[in-house]
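Enquirer: For reference, the file protein_28.pdb (PDB, C-alpha atoms, pLDDT in the B column) is included below:
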```pdb
ATOM      1  CA  MET A   1      -3.163  -5.942  -8.699  1.00 92.00           C
ATOM      2  CA  THR A   2      -1.968  -3.357  -6.192  1.00 96.00           C
ATOM      3  CA  TRP A   3       0.835  -4.218  -3.817  1.00 98.00           C
ATOM      4  CA  PHE A   4       0.842  -2.308  -0.541  1.00 98.00           C
ATOM      5  CA  ALA A   5       3.604  -2.128   2.072  1.00 98.00           C
ATOM      6  CA  VAL A   6       2.488  -0.926   5.493  1.00 98.00           C
ATOM      7  CA  ASP A   7       5.521  -0.293   7.657  1.00 98.00           C
ATOM      8  CA  GLY A   8       6.633   1.523  10.794  1.00 97.00           C
ATOM      9  CA  MET A   9       8.349   0.940  14.105  1.00 95.00           C
ATOM     10  CA  ASP A  10       7.206  -1.553  16.719  1.00 94.00           C
ATOM     11  CA  GLY A  11       3.946  -0.491  18.359  1.00 94.00           C
ATOM     12  CA  SER A  12       3.112   2.027  15.639  1.00 95.00           C
ATOM     13  CA  GLY A  13      -0.087   0.288  14.575  1.00 94.00           C
ATOM     14  CA  LYS A  14       1.047  -1.271  11.306  1.00 96.00           C
ATOM     15  CA  THR A  15      -1.229  -4.285  11.662  1.00 94.00           C
ATOM     16  CA  THR A  16      -4.200  -2.146  12.703  1.00 93.00           C
ATOM     17  CA  SER A  17      -3.696   0.150   9.701  1.00 96.00           C
ATOM     18  CA  SER A  18      -3.200  -2.795   7.368  1.00 97.00           C
ATOM     19  CA  ASP A  19      -6.335  -4.461   8.716  1.00 96.00           C
ATOM     20  CA  PHE A  20      -8.319  -1.270   8.025  1.00 96.00           C
ATOM     21  CA  ILE A  21      -7.019  -1.241   4.439  1.00 97.00           C
ATOM     22  CA  ARG A  22      -7.811  -4.944   3.984  1.00 97.00           C
ATOM     23  CA  GLU A  23     -11.321  -4.499   5.426  1.00 96.00           C
ATOM     24  CA  GLN A  24     -12.095  -1.602   3.120  1.00 96.00           C
ATOM     25  CA  LEU A  25     -10.755  -3.350   0.017  1.00 97.00           C
ATOM     26  CA  THR A  26     -12.615  -6.557   0.918  1.00 97.00           C
ATOM     27  CA  ALA A  27     -15.837  -4.563   1.409  1.00 96.00           C
ATOM     28  CA  GLU A  28     -15.382  -3.354  -2.177  1.00 95.00           C
ATOM     29  CA  GLY A  29     -15.364  -6.994  -3.301  1.00 96.00           C
ATOM     30  CA  ARG A  30     -11.611  -7.263  -3.800  1.00 97.00           C
ATOM     31  CA  LYS A  31      -9.653 -10.400  -2.909  1.00 98.00           C
ATOM     32  CA  VAL A  32      -6.826  -9.380  -0.554  1.00 98.00           C
ATOM     33  CA  LEU A  33      -3.776 -11.253   0.759  1.00 97.00           C
ATOM     34  CA  GLU A  34      -2.165  -9.814   3.890  1.00 97.00           C
ATOM     35  CA  ILE A  35       1.274 -11.074   4.981  1.00 98.00           C
ATOM     36  CA  THR A  36       2.869  -9.876   8.215  1.00 96.00           C
ATOM     37  CA  HIS A  37       6.616 -10.066   8.832  1.00 97.00           C
ATOM     38  CA  PRO A  38       7.977 -11.894  10.597  1.00 96.00           C
ATOM     39  CA  ASN A  39       5.486 -14.398   9.219  1.00 97.00           C
ATOM     40  CA  LEU A  40       4.916 -16.946  11.976  1.00 96.00           C
ATOM     41  CA  GLU A  41       3.584 -19.410   9.402  1.00 96.00           C
ATOM     42  CA  THR A  42       7.080 -19.882   7.964  1.00 97.00           C
ATOM     43  CA  PRO A  43      10.178 -21.368   9.624  1.00 97.00           C
ATOM     44  CA  TYR A  44      12.096 -18.198   8.661  1.00 97.00           C
ATOM     45  CA  GLY A  45       9.558 -15.950  10.351  1.00 96.00           C
ATOM     46  CA  ARG A  46       9.326 -18.074  13.484  1.00 97.00           C
ATOM     47  CA  THR A  47      13.120 -18.075  13.831  1.00 97.00           C
ATOM     48  CA  ALA A  48      13.319 -14.293  13.281  1.00 95.00           C
ATOM     49  CA  ALA A  49      10.621 -13.719  15.921  1.00 93.00           C
ATOM     50  CA  LYS A  50      12.372 -16.008  18.402  1.00 94.00           C
ATOM     51  CA  TYR A  51      15.690 -14.183  18.080  1.00 94.00           C
ATOM     52  CA  LEU A  52      14.034 -10.753  18.258  1.00 91.00           C
ATOM     53  CA  CYS A  53      13.189 -11.610  21.873  1.00 90.00           C
ATOM     54  CA  ARG A  54      16.816 -12.276  22.777  1.00 91.00           C
ATOM     55  CA  ASP A  55      19.474  -9.757  23.740  1.00 87.00           C
ATOM     56  CA  GLY A  56      22.882  -9.217  22.211  1.00 88.00           C
ATOM     57  CA  LYS A  57      24.376  -8.538  18.804  1.00 87.00           C
ATOM     58  CA  PRO A  58      24.507 -12.221  17.742  1.00 91.00           C
ATOM     59  CA  ALA A  59      20.745 -12.534  18.347  1.00 90.00           C
ATOM     60  CA  VAL A  60      20.062  -9.347  16.373  1.00 88.00           C
ATOM     61  CA  LEU A  61      22.226 -10.637  13.524  1.00 90.00           C
ATOM     62  CA  VAL A  62      20.368 -13.969  13.422  1.00 93.00           C
ATOM     63  CA  ALA A  63      16.983 -12.192  13.626  1.00 92.00           C
ATOM     64  CA  THR A  64      18.003  -9.890  10.758  1.00 91.00           C
ATOM     65  CA  LEU A  65      19.180 -12.764   8.572  1.00 93.00           C
ATOM     66  CA  TYR A  66      15.974 -14.735   9.113  1.00 96.00           C
ATOM     67  CA  TYR A  67      13.837 -11.620   8.629  1.00 96.00           C
ATOM     68  CA  ILE A  68      15.471 -11.139   5.210  1.00 94.00           C
ATOM     69  CA  LEU A  69      14.853 -14.799   4.349  1.00 96.00           C
ATOM     70  CA  ASP A  70      11.247 -14.434   5.491  1.00 97.00           C
ATOM     71  CA  VAL A  71      10.681 -11.380   3.279  1.00 97.00           C
ATOM     72  CA  LEU A  72      12.325 -13.135   0.313  1.00 97.00           C
ATOM     73  CA  HIS A  73      10.025 -16.119   0.902  1.00 98.00           C
ATOM     74  CA  SER A  74       7.020 -13.756   0.845  1.00 98.00           C
ATOM     75  CA  LEU A  75       8.237 -12.139  -2.374  1.00 98.00           C
ATOM     76  CA  ARG A  76       8.468 -15.566  -4.021  1.00 97.00           C
ATOM     77  CA  TYR A  77       4.975 -16.409  -2.779  1.00 97.00           C
ATOM     78  CA  LYS A  78       3.654 -13.061  -4.061  1.00 97.00           C
ATOM     79  CA  ARG A  79       5.193 -13.600  -7.486  1.00 96.00           C
ATOM     80  CA  LYS A  80       3.756 -17.115  -7.714  1.00 97.00           C
ATOM     81  CA  HIS A  81       0.237 -16.236  -6.518  1.00 96.00           C
ATOM     82  CA  GLU A  82      -0.291 -12.565  -7.386  1.00 95.00           C
ATOM     83  CA  LYS A  83      -2.786 -13.343 -10.169  1.00 96.00           C
ATOM     84  CA  GLU A  84      -5.068 -14.916  -7.548  1.00 97.00           C
ATOM     85  CA  TYR A  85      -5.481 -11.605  -5.678  1.00 98.00           C
ATOM     86  CA  ASP A  86      -6.649  -8.090  -6.438  1.00 97.00           C
ATOM     87  CA  ASP A  87      -4.406  -6.644  -3.745  1.00 97.00           C
ATOM     88  CA  ILE A  88      -1.494  -7.841  -1.607  1.00 98.00           C
ATOM     89  CA  ILE A  89      -0.420  -6.173   1.626  1.00 98.00           C
ATOM     90  CA  PHE A  90       2.953  -6.690   3.283  1.00 98.00           C
ATOM     91  CA  VAL A  91       3.038  -5.597   6.910  1.00 98.00           C
ATOM     92  CA  ARG A  92       6.694  -4.683   7.498  1.00 97.00           C
ATOM     93  CA  TYR A  93       9.031  -4.645   4.554  1.00 96.00           C
ATOM     94  CA  SER A  94      11.939  -2.351   3.747  1.00 95.00           C
ATOM     95  CA  LEU A  95      11.825   0.030   6.732  1.00 96.00           C
ATOM     96  CA  ALA A  96      13.507  -2.690   8.768  1.00 92.00           C
ATOM     97  CA  ALA A  97      16.668  -0.875   7.616  1.00 93.00           C
ATOM     98  CA  ALA A  98      15.887   1.689  10.353  1.00 94.00           C
ATOM     99  CA  TYR A  99      16.762  -0.901  12.988  1.00 89.00           C
ATOM    100  CA  LEU A 100      20.368  -0.860  11.793  1.00 86.00           C
ATOM    101  CA  PRO A 101      22.922   1.571  13.246  1.00 87.00           C
ATOM    102  CA  SER A 102      22.467   5.164  12.030  1.00 88.00           C
ATOM    103  CA  SER A 103      25.497   5.021   9.737  1.00 91.00           C
ATOM    104  CA  LEU A 104      24.069   1.973   7.923  1.00 91.00           C
ATOM    105  CA  CYS A 105      20.394   2.884   7.849  1.00 93.00           C
ATOM    106  CA  ARG A 106      20.193   5.048   4.724  1.00 94.00           C
ATOM    107  CA  PRO A 107      22.722   3.045   2.635  1.00 95.00           C
ATOM    108  CA  ALA A 108      20.998  -0.235   3.553  1.00 93.00           C
ATOM    109  CA  TYR A 109      17.606   1.219   2.646  1.00 96.00           C
ATOM    110  CA  LYS A 110      18.927   2.384  -0.737  1.00 95.00           C
ATOM    111  CA  ILE A 111      20.336  -1.087  -1.408  1.00 94.00           C
ATOM    112  CA  ILE A 112      17.019  -2.685  -0.442  1.00 94.00           C
ATOM    113  CA  GLU A 113      15.096  -0.317  -2.734  1.00 94.00           C
ATOM    114  CA  PHE A 114      17.545  -1.082  -5.559  1.00 95.00           C
ATOM    115  CA  MET A 115      17.677  -4.873  -5.144  1.00 95.00           C
ATOM    116  CA  LEU A 116      14.125  -5.750  -4.098  1.00 96.00           C
ATOM    117  CA  PRO A 117      10.864  -4.953  -5.850  1.00 96.00           C
ATOM    118  CA  VAL A 118       9.281  -1.694  -4.720  1.00 96.00           C
ATOM    119  CA  PRO A 119       5.614  -1.822  -3.647  1.00 98.00           C
ATOM    120  CA  ASP A 120       3.048   0.166  -5.616  1.00 97.00           C
ATOM    121  CA  VAL A 121       1.890   1.923  -2.443  1.00 97.00           C
ATOM    122  CA  LYS A 122       4.204   2.492   0.538  1.00 98.00           C
ATOM    123  CA  ILE A 123       2.473   3.542   3.758  1.00 98.00           C
ATOM    124  CA  TYR A 124       4.493   4.633   6.779  1.00 98.00           C
ATOM    125  CA  VAL A 125       2.632   4.400  10.088  1.00 97.00           C
ATOM    126  CA  ASP A 126       4.118   6.924  12.499  1.00 97.00           C
ATOM    127  CA  VAL A 127       3.493   7.328  16.224  1.00 97.00           C
ATOM    128  CA  GLU A 128       5.140   8.984  19.205  1.00 96.00           C
ATOM    129  CA  PRO A 129       7.570   6.513  20.871  1.00 96.00           C
ATOM    130  CA  GLU A 130       5.809   6.826  24.244  1.00 96.00           C
ATOM    131  CA  ILE A 131       2.491   5.810  22.680  1.00 95.00           C
ATOM    132  CA  ALA A 132       4.169   2.932  20.849  1.00 95.00           C
ATOM    133  CA  LEU A 133       5.722   1.642  24.066  1.00 95.00           C
ATOM    134  CA  GLN A 134       2.410   1.856  25.902  1.00 94.00           C
ATOM    135  CA  ARG A 135       0.749  -0.188  23.141  1.00 93.00           C
ATOM    136  CA  ILE A 136       3.557  -2.731  23.249  1.00 93.00           C
ATOM    137  CA  TYR A 137       3.057  -3.193  27.000  1.00 93.00           C
ATOM    138  CA  GLU A 138      -0.715  -3.492  26.537  1.00 93.00           C
ATOM    139  CA  ARG A 139      -0.231  -6.412  24.137  1.00 89.00           C
ATOM    140  CA  GLY A 140       1.149  -8.396  27.054  1.00 88.00           C
ATOM    141  CA  GLU A 141       3.644 -10.250  24.859  1.00 84.00           C
ATOM    142  CA  GLU A 142       7.309 -10.884  25.480  1.00 86.00           C
ATOM    143  CA  LEU A 143       9.268  -7.721  24.678  1.00 86.00           C
ATOM    144  CA  GLU A 144      11.530  -7.723  21.642  1.00 88.00           C
ATOM    145  CA  THR A 145      15.061  -6.383  21.770  1.00 86.00           C
ATOM    146  CA  PHE A 146      14.083  -3.098  20.039  1.00 89.00           C
ATOM    147  CA  GLU A 147      11.129  -2.387  22.319  1.00 92.00           C
ATOM    148  CA  THR A 148      12.507   0.148  24.805  1.00 92.00           C
ATOM    149  CA  LEU A 149      11.768   3.869  24.775  1.00 94.00           C
ATOM    150  CA  GLU A 150      15.356   4.734  23.832  1.00 95.00           C
ATOM    151  CA  LYS A 151      15.442   2.263  20.945  1.00 94.00           C
ATOM    152  CA  LEU A 152      11.990   3.306  19.696  1.00 96.00           C
ATOM    153  CA  GLU A 153      13.118   6.962  19.664  1.00 96.00           C
ATOM    154  CA  LYS A 154      16.221   6.056  17.641  1.00 95.00           C
ATOM    155  CA  THR A 155      14.242   3.876  15.247  1.00 95.00           C
ATOM    156  CA  ARG A 156      11.666   6.603  14.665  1.00 96.00           C
ATOM    157  CA  SER A 157      14.361   9.193  13.918  1.00 96.00           C
ATOM    158  CA  ARG A 158      16.004   6.817  11.425  1.00 96.00           C
ATOM    159  CA  MET A 159      12.663   6.070   9.764  1.00 97.00           C
ATOM    160  CA  ALA A 160      12.153   9.808   9.306  1.00 95.00           C
ATOM    161  CA  LEU A 161      15.372   9.824   7.230  1.00 94.00           C
ATOM    162  CA  ILE A 162      14.160   7.207   4.741  1.00 96.00           C
ATOM    163  CA  THR A 163      10.397   7.716   4.375  1.00 97.00           C
ATOM    164  CA  ASP A 164      10.250  10.762   2.080  1.00 95.00           C
ATOM    165  CA  SER A 165       8.599   8.735  -0.682  1.00 95.00           C
ATOM    166  CA  TRP A 166       6.096   7.074   1.669  1.00 97.00           C
ATOM    167  CA  ILE A 167       2.490   8.060   2.397  1.00 97.00           C
ATOM    168  CA  LYS A 168       2.352   8.869   6.101  1.00 97.00           C
ATOM    169  CA  ILE A 169      -0.331   7.886   8.596  1.00 96.00           C
ATOM    170  CA  ASP A 170      -0.209   9.562  12.001  1.00 95.00           C
ATOM    171  CA  ASN A 171      -1.424   6.826  14.328  1.00 94.00           C
ATOM    172  CA  SER A 172      -1.109   8.785  17.572  1.00 92.00           C
ATOM    173  CA  GLY A 173      -4.868   9.359  17.748  1.00 91.00           C
ATOM    174  CA  THR A 174      -7.910   7.135  17.929  1.00 91.00           C
ATOM    175  CA  PRO A 175      -8.567   4.030  15.822  1.00 90.00           C
ATOM    176  CA  GLU A 176     -11.352   5.994  14.106  1.00 93.00           C
ATOM    177  CA  ASN A 177      -8.839   8.656  13.098  1.00 94.00           C
ATOM    178  CA  THR A 178      -6.504   6.006  11.660  1.00 93.00           C
ATOM    179  CA  ARG A 179      -9.394   4.341   9.830  1.00 93.00           C
ATOM    180  CA  GLU A 180     -10.305   7.717   8.299  1.00 95.00           C
ATOM    181  CA  GLN A 181      -6.706   8.291   7.158  1.00 96.00           C
ATOM    182  CA  THR A 182      -6.610   4.859   5.473  1.00 95.00           C
ATOM    183  CA  ARG A 183      -9.987   5.544   3.839  1.00 95.00           C
ATOM    184  CA  ARG A 184      -8.660   8.818   2.410  1.00 95.00           C
ATOM    185  CA  ILE A 185      -5.488   7.119   1.137  1.00 96.00           C
ATOM    186  CA  LEU A 186      -7.511   4.484  -0.712  1.00 95.00           C
ATOM    187  CA  GLU A 187      -9.871   7.174  -2.084  1.00 94.00           C
ATOM    188  CA  ASP A 188      -6.890   9.195  -3.321  1.00 94.00           C
ATOM    189  CA  LEU A 189      -5.460   6.084  -4.980  1.00 93.00           C
ATOM    190  CA  LYS A 190      -8.762   5.504  -6.804  1.00 90.00           C
ATOM    191  CA  ASN A 191      -8.784   9.122  -7.947  1.00 89.00           C
ATOM    192  CA  GLY A 192      -5.112   8.993  -8.971  1.00 84.00           C
ATOM    193  CA  SER A 193      -4.077  11.733  -6.573  1.00 72.00           C
ATOM    194  CA  ALA A 194      -1.968   9.680  -4.112  1.00 65.00           C
TER
END
```
In structure tokens, write the structure found in this file.
Expert:
Amino acid sequence: MTWFAVDGMDGSGKTTSSDFIREQLTAEGRKVLEITHPNLETPYGRTAAKYLCRDGKPAVLVATLYYILDVLHSLRYKRKHEKEYDDIIFVRYSLAAAYLPSSLCRPAYKIIEFMLPVPDVKIYVDVEPEIALQRIYERGEELETFETLEKLEKTRSRMALITDSWIKIDNSGTPENTREQTRRILEDLKNGSA
């Protein structure tokens, strides 16, 4: 079983990239589980999502706490059911540390990498903040607290500090370009060169 984490800032195209990976693996006859965080199928995920749409430090604190609980719930589920799948994909995982203040970002990420299991394949989906914001607006959903141009710029710069060991997808182009990048990543993994 291969465990993938597909992560990046809001509006980067994490779900799109993950869906491309899932589609390709499924086309190869593999059984794939894809879990997106916050997972709206769990009470933890629903609570995290609700508080992400509120302003203020208390709301961010509650959203962070429930996000952590949601991820821990997914890890338990993965451990219990991993033999039923050929591949498991987590959309959003440890790069949530980049939403913390700059002084806490890198130490929090190191703690997460030390305390939590590390995925077999870590894919960072990067995009220019302006493109991310445009995509966020196009979704037509309620904006989350981190979904402003200024906050996206800060988040992206923090993610750049902690993604050295991640495979990077540049999702600033077309969906076809992103699909091709995911195809190459999976091909490299098969050939042992990723």
Enquirer: Using all atoms listed in the file, which of the listed residues (A:Ser193, A:Ser12, A:Ser103, A:Thr36) sits closest to Arg158 in chain A?
Expert: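 Closest candidate: A:Ser103.
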Enquirer: For the PyMOL selection byres ((chain A and resi 144) around 8), applied here, can you spell out every residue it catches as JSON, numbers by chain?
Expert: {"A": [52, 53, 54, 142, 143, 145, 146, 147]}
Enquirer: Keeping only C-alpha atoms, write those residues as a short mmCIF file (atom, residue, chain, number, x, y, z; two decimals), keeping the file's coordinate frame.
Expert:
```cif
data_model
loop_
_atom_site.label_atom_id
_atom_site.label_comp_id
_atom_site.auth_asym_id
_atom_site.auth_seq_id
_atom_site.Cartn_x
_atom_site.Cartn_y
_atom_site.Cartn_z
CA LEU A 52 14.03 -10.75 18.26
CA CYS A 53 13.19 -11.61 21.87
CA ARG A 54 16.82 -12.28 22.78
CA GLU A 142 7.31 -10.88 25.48
CA LEU A 143 9.27 -7.72 24.68
CA THR A 145 15.06 -6.38 21.77
CA PHE A 146 14.08 -3.10 20.04
CA GLU A 147 11.13 -2.39 22.32
#
```
Enquirer: What lies within 12 Å of range 17-22 of chain A using only C-alpha atoms, ignoring chain neighbours under 4 positions off, as a VMD selection string?
Expert: chain A and resid 2 to 8 11 to 13 26 to 36 85 to 92 121 to 126 168 to 172 174 to 187
Enquirer: What is the distance, in Å and to one decimal place, between CA of Gly56 in chain A and CA of Leu116 in chain A?
Expert: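 These atoms are spaced 27.9 Å apart.
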Enquirer: Select, from A:Asp70, A:Glu128, A:Glu141, A:Glu84, the residue with the minimum atom-to-atom distance to Glu41 in chain A, counting all atoms listed in the file.
Expert: A:Asp70
Enquirer: If we count all atoms listed in the file and set the cut-off at 6 Å, which residues sit around Tyr109 in chain A, ignoring sequence neighbours fewer than 3 positions away in its own chain? Please answer as a list in words.
Expert: Ala97, Arg106 and Ile112 of chain A
Enquirer: Using the file's own x, y and z axes, what box holds all listed atoms of range 111-119 of chain A with 5 Å on each side, keeping edges along x, y and z, and what are its centre and edge lengths in Å to one decimal, as lines of an AutoDock Vina configuration file?
Expert:
```
center_x = 13.0
center_y = -3.0
center_z = -3.1
size_x = 24.7
size_y = 15.4
size_z = 15.4
```
Enquirer: Using only C-alpha atoms for the distances, tell me which of A:Met115, A:Ala132, A:Ile162, A:Leu100 is nearest to Lys57 in chain A.
Expert: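 Residue with the minimum atom-to-atom distance to Lys57 in chain A: A:Leu100.
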Enquirer: Measuring atom to atom with all atoms listed in the file, identify which of A:Ser74, A:Thr47, A:Ser94, A:Gln24 is nearest to Thr163 in chain A.
Expert: A:Ser94
Enquirer: Counting only C-alpha atoms, figure out which residue out of A:Gly192, A:Ser165, A:Thr64, A:Tyr99 gets nearest to Glu113 in chain A.
Expert: A:Ser165
Enquirer: Using only C-alpha atoms, which residue out of A:Leu161, A:Ile136, A:Leu25, A:Ala59 lies closest to Lys110 in chain A?
Expert: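 Checking each of A:Leu161, A:Ile136, A:Leu25, A:Ala59 against Lys110 in chain A, counting only C-alpha atoms, the winner is A:Leu161.
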Enquirer: Separation of CA of Pro38 in chain A and CA of Phe114 in chain A, in Å?
Expert: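 CA of Phe114 in chain A lies 21.7 Å from CA of Pro38 in chain A.
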Enquirer: So which residues are close to (13.2, 0.4, 16.6), meaning at most 7 Å away in the file's coordinates with only C-alpha atoms counted, and can you show them as a list in words?
Expert: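 These residues have at least one counted atom within 7 Å: Met9, Asp10, Ala98, Tyr99, Phe146, Glu147, Lys151, Leu152, Lys154, Thr155 and Arg156 of chain A.
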Enquirer: Supply range 135-157 of chain A as a PDB file, in the coordinates of the input, with N, CA, C and O atoms built in where the input has gaps.
Expert:
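Writing done, so here's selection-v3.pdb:
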```
ATOM      1  N   ARG A 135       1.478   0.838  23.901  1.00 93.00           N
ATOM      2  CA  ARG A 135       0.749  -0.188  23.141  1.00 93.00           C
ATOM      3  C   ARG A 135       1.462  -1.539  23.209  1.00 93.00           C
ATOM      4  O   ARG A 135       0.822  -2.576  23.287  1.00 93.00           O
ATOM      5  N   ILE A 136       2.778  -1.495  23.162  1.00 93.00           N
ATOM      6  CA  ILE A 136       3.557  -2.731  23.249  1.00 93.00           C
ATOM      7  C   ILE A 136       3.301  -3.410  24.591  1.00 93.00           C
ATOM      8  O   ILE A 136       3.065  -4.616  24.658  1.00 93.00           O
ATOM      9  N   TYR A 137       3.325  -2.630  25.669  1.00 93.00           N
ATOM     10  CA  TYR A 137       3.057  -3.193  27.000  1.00 93.00           C
ATOM     11  C   TYR A 137       1.637  -3.746  27.086  1.00 93.00           C
ATOM     12  O   TYR A 137       1.406  -4.797  27.684  1.00 93.00           O
ATOM     13  N   GLU A 138       0.686  -3.061  26.483  1.00 93.00           N
ATOM     14  CA  GLU A 138      -0.715  -3.492  26.537  1.00 93.00           C
ATOM     15  C   GLU A 138      -0.944  -4.820  25.810  1.00 93.00           C
ATOM     16  O   GLU A 138      -1.878  -5.540  26.134  1.00 93.00           O
ATOM     17  N   ARG A 139      -0.100  -5.119  24.838  1.00 89.00           N
ATOM     18  CA  ARG A 139      -0.231  -6.412  24.137  1.00 89.00           C
ATOM     19  C   ARG A 139       0.031  -7.581  25.069  1.00 89.00           C
ATOM     20  O   ARG A 139      -0.448  -8.683  24.842  1.00 89.00           O
ATOM     21  N   GLY A 140       0.858  -7.350  26.083  1.00 88.00           N
ATOM     22  CA  GLY A 140       1.149  -8.396  27.054  1.00 88.00           C
ATOM     23  C   GLY A 140       2.043  -9.501  26.528  1.00 88.00           C
ATOM     24  O   GLY A 140       2.103 -10.583  27.103  1.00 88.00           O
ATOM     25  N   GLU A 141       2.750  -9.253  25.447  1.00 84.00           N
ATOM     26  CA  GLU A 141       3.644 -10.250  24.859  1.00 84.00           C
ATOM     27  C   GLU A 141       5.065 -10.025  25.363  1.00 84.00           C
ATOM     28  O   GLU A 141       5.383  -8.971  25.918  1.00 84.00           O
ATOM     29  N   GLU A 142       5.897 -11.021  25.137  1.00 86.00           N
ATOM     30  CA  GLU A 142       7.309 -10.884  25.480  1.00 86.00           C
ATOM     31  C   GLU A 142       7.905  -9.725  24.684  1.00 86.00           C
ATOM     32  O   GLU A 142       7.665  -9.599  23.478  1.00 86.00           O
ATOM     33  N   LEU A 143       8.679  -8.872  25.351  1.00 86.00           N
ATOM     34  CA  LEU A 143       9.268  -7.721  24.678  1.00 86.00           C
ATOM     35  C   LEU A 143      10.394  -8.158  23.746  1.00 86.00           C
ATOM     36  O   LEU A 143      11.184  -9.039  24.075  1.00 86.00           O
ATOM     37  N   GLU A 144      10.446  -7.494  22.588  1.00 88.00           N
ATOM     38  CA  GLU A 144      11.530  -7.723  21.642  1.00 88.00           C
ATOM     39  C   GLU A 144      12.692  -6.809  21.987  1.00 88.00           C
ATOM     40  O   GLU A 144      12.543  -5.813  22.702  1.00 88.00           O
ATOM     41  N   THR A 145      13.838  -7.107  21.447  1.00 86.00           N
ATOM     42  CA  THR A 145      15.061  -6.383  21.770  1.00 86.00           C
ATOM     43  C   THR A 145      14.989  -4.889  21.436  1.00 86.00           C
ATOM     44  O   THR A 145      15.640  -4.077  22.066  1.00 86.00           O
ATOM     45  N   PHE A 146      14.166  -4.500  20.445  1.00 89.00           N
ATOM     46  CA  PHE A 146      14.083  -3.098  20.039  1.00 89.00           C
ATOM     47  C   PHE A 146      12.958  -2.344  20.753  1.00 89.00           C
ATOM     48  O   PHE A 146      12.691  -1.203  20.422  1.00 89.00           O
ATOM     49  N   GLU A 147      12.312  -2.976  21.709  1.00 92.00           N
ATOM     50  CA  GLU A 147      11.129  -2.387  22.319  1.00 92.00           C
ATOM     51  C   GLU A 147      11.415  -1.742  23.682  1.00 92.00           C
ATOM     52  O   GLU A 147      10.905  -2.147  24.717  1.00 92.00           O
ATOM     53  N   THR A 148      12.275  -0.725  23.650  1.00 92.00           N
ATOM     54  CA  THR A 148      12.507   0.148  24.805  1.00 92.00           C
ATOM     55  C   THR A 148      12.282   1.570  24.297  1.00 92.00           C
ATOM     56  O   THR A 148      12.352   1.827  23.083  1.00 92.00           O
ATOM     57  N   LEU A 149      12.023   2.493  25.197  1.00 94.00           N
ATOM     58  CA  LEU A 149      11.768   3.869  24.775  1.00 94.00           C
ATOM     59  C   LEU A 149      12.958   4.439  24.007  1.00 94.00           C
ATOM     60  O   LEU A 149      12.785   5.042  22.943  1.00 94.00           O
ATOM     61  N   GLU A 150      14.164   4.213  24.504  1.00 95.00           N
ATOM     62  CA  GLU A 150      15.356   4.734  23.832  1.00 95.00           C
ATOM     63  C   GLU A 150      15.498   4.174  22.417  1.00 95.00           C
ATOM     64  O   GLU A 150      15.758   4.910  21.466  1.00 95.00           O
ATOM     65  N   LYS A 151      15.292   2.877  22.273  1.00 94.00           N
ATOM     66  CA  LYS A 151      15.442   2.263  20.945  1.00 94.00           C
ATOM     67  C   LYS A 151      14.310   2.679  20.006  1.00 94.00           C
ATOM     68  O   LYS A 151      14.528   2.870  18.807  1.00 94.00           O
ATOM     69  N   LEU A 152      13.098   2.841  20.534  1.00 96.00           N
ATOM     70  CA  LEU A 152      11.990   3.306  19.696  1.00 96.00           C
ATOM     71  C   LEU A 152      12.241   4.731  19.203  1.00 96.00           C
ATOM     72  O   LEU A 152      11.957   5.051  18.045  1.00 96.00           O
ATOM     73  N   GLU A 153      12.794   5.589  20.069  1.00 96.00           N
ATOM     74  CA  GLU A 153      13.118   6.962  19.664  1.00 96.00           C
ATOM     75  C   GLU A 153      14.152   6.966  18.542  1.00 96.00           C
ATOM     76  O   GLU A 153      14.023   7.708  17.558  1.00 96.00           O
ATOM     77  N   LYS A 154      15.183   6.133  18.681  1.00 95.00           N
ATOM     78  CA  LYS A 154      16.221   6.056  17.641  1.00 95.00           C
ATOM     79  C   LYS A 154      15.645   5.510  16.340  1.00 95.00           C
ATOM     80  O   LYS A 154      15.945   6.022  15.252  1.00 95.00           O
ATOM     81  N   THR A 155      14.833   4.467  16.446  1.00 95.00           N
ATOM     82  CA  THR A 155      14.242   3.876  15.247  1.00 95.00           C
ATOM     83  C   THR A 155      13.359   4.887  14.527  1.00 95.00           C
ATOM     84  O   THR A 155      13.416   5.019  13.299  1.00 95.00           O
ATOM     85  N   ARG A 156      12.556   5.607  15.284  1.00 96.00           N
ATOM     86  CA  ARG A 156      11.666   6.603  14.665  1.00 96.00           C
ATOM     87  C   ARG A 156      12.474   7.680  13.947  1.00 96.00           C
ATOM     88  O   ARG A 156      12.132   8.089  12.832  1.00 96.00           O
ATOM     89  N   SER A 157      13.556   8.151  14.570  1.00 96.00           N
ATOM     90  CA  SER A 157      14.361   9.193  13.918  1.00 96.00           C
ATOM     91  C   SER A 157      15.014   8.664  12.643  1.00 96.00           C
ATOM     92  O   SER A 157      15.124   9.388  11.652  1.00 96.00           O
TER      93      SER A 157
END
```
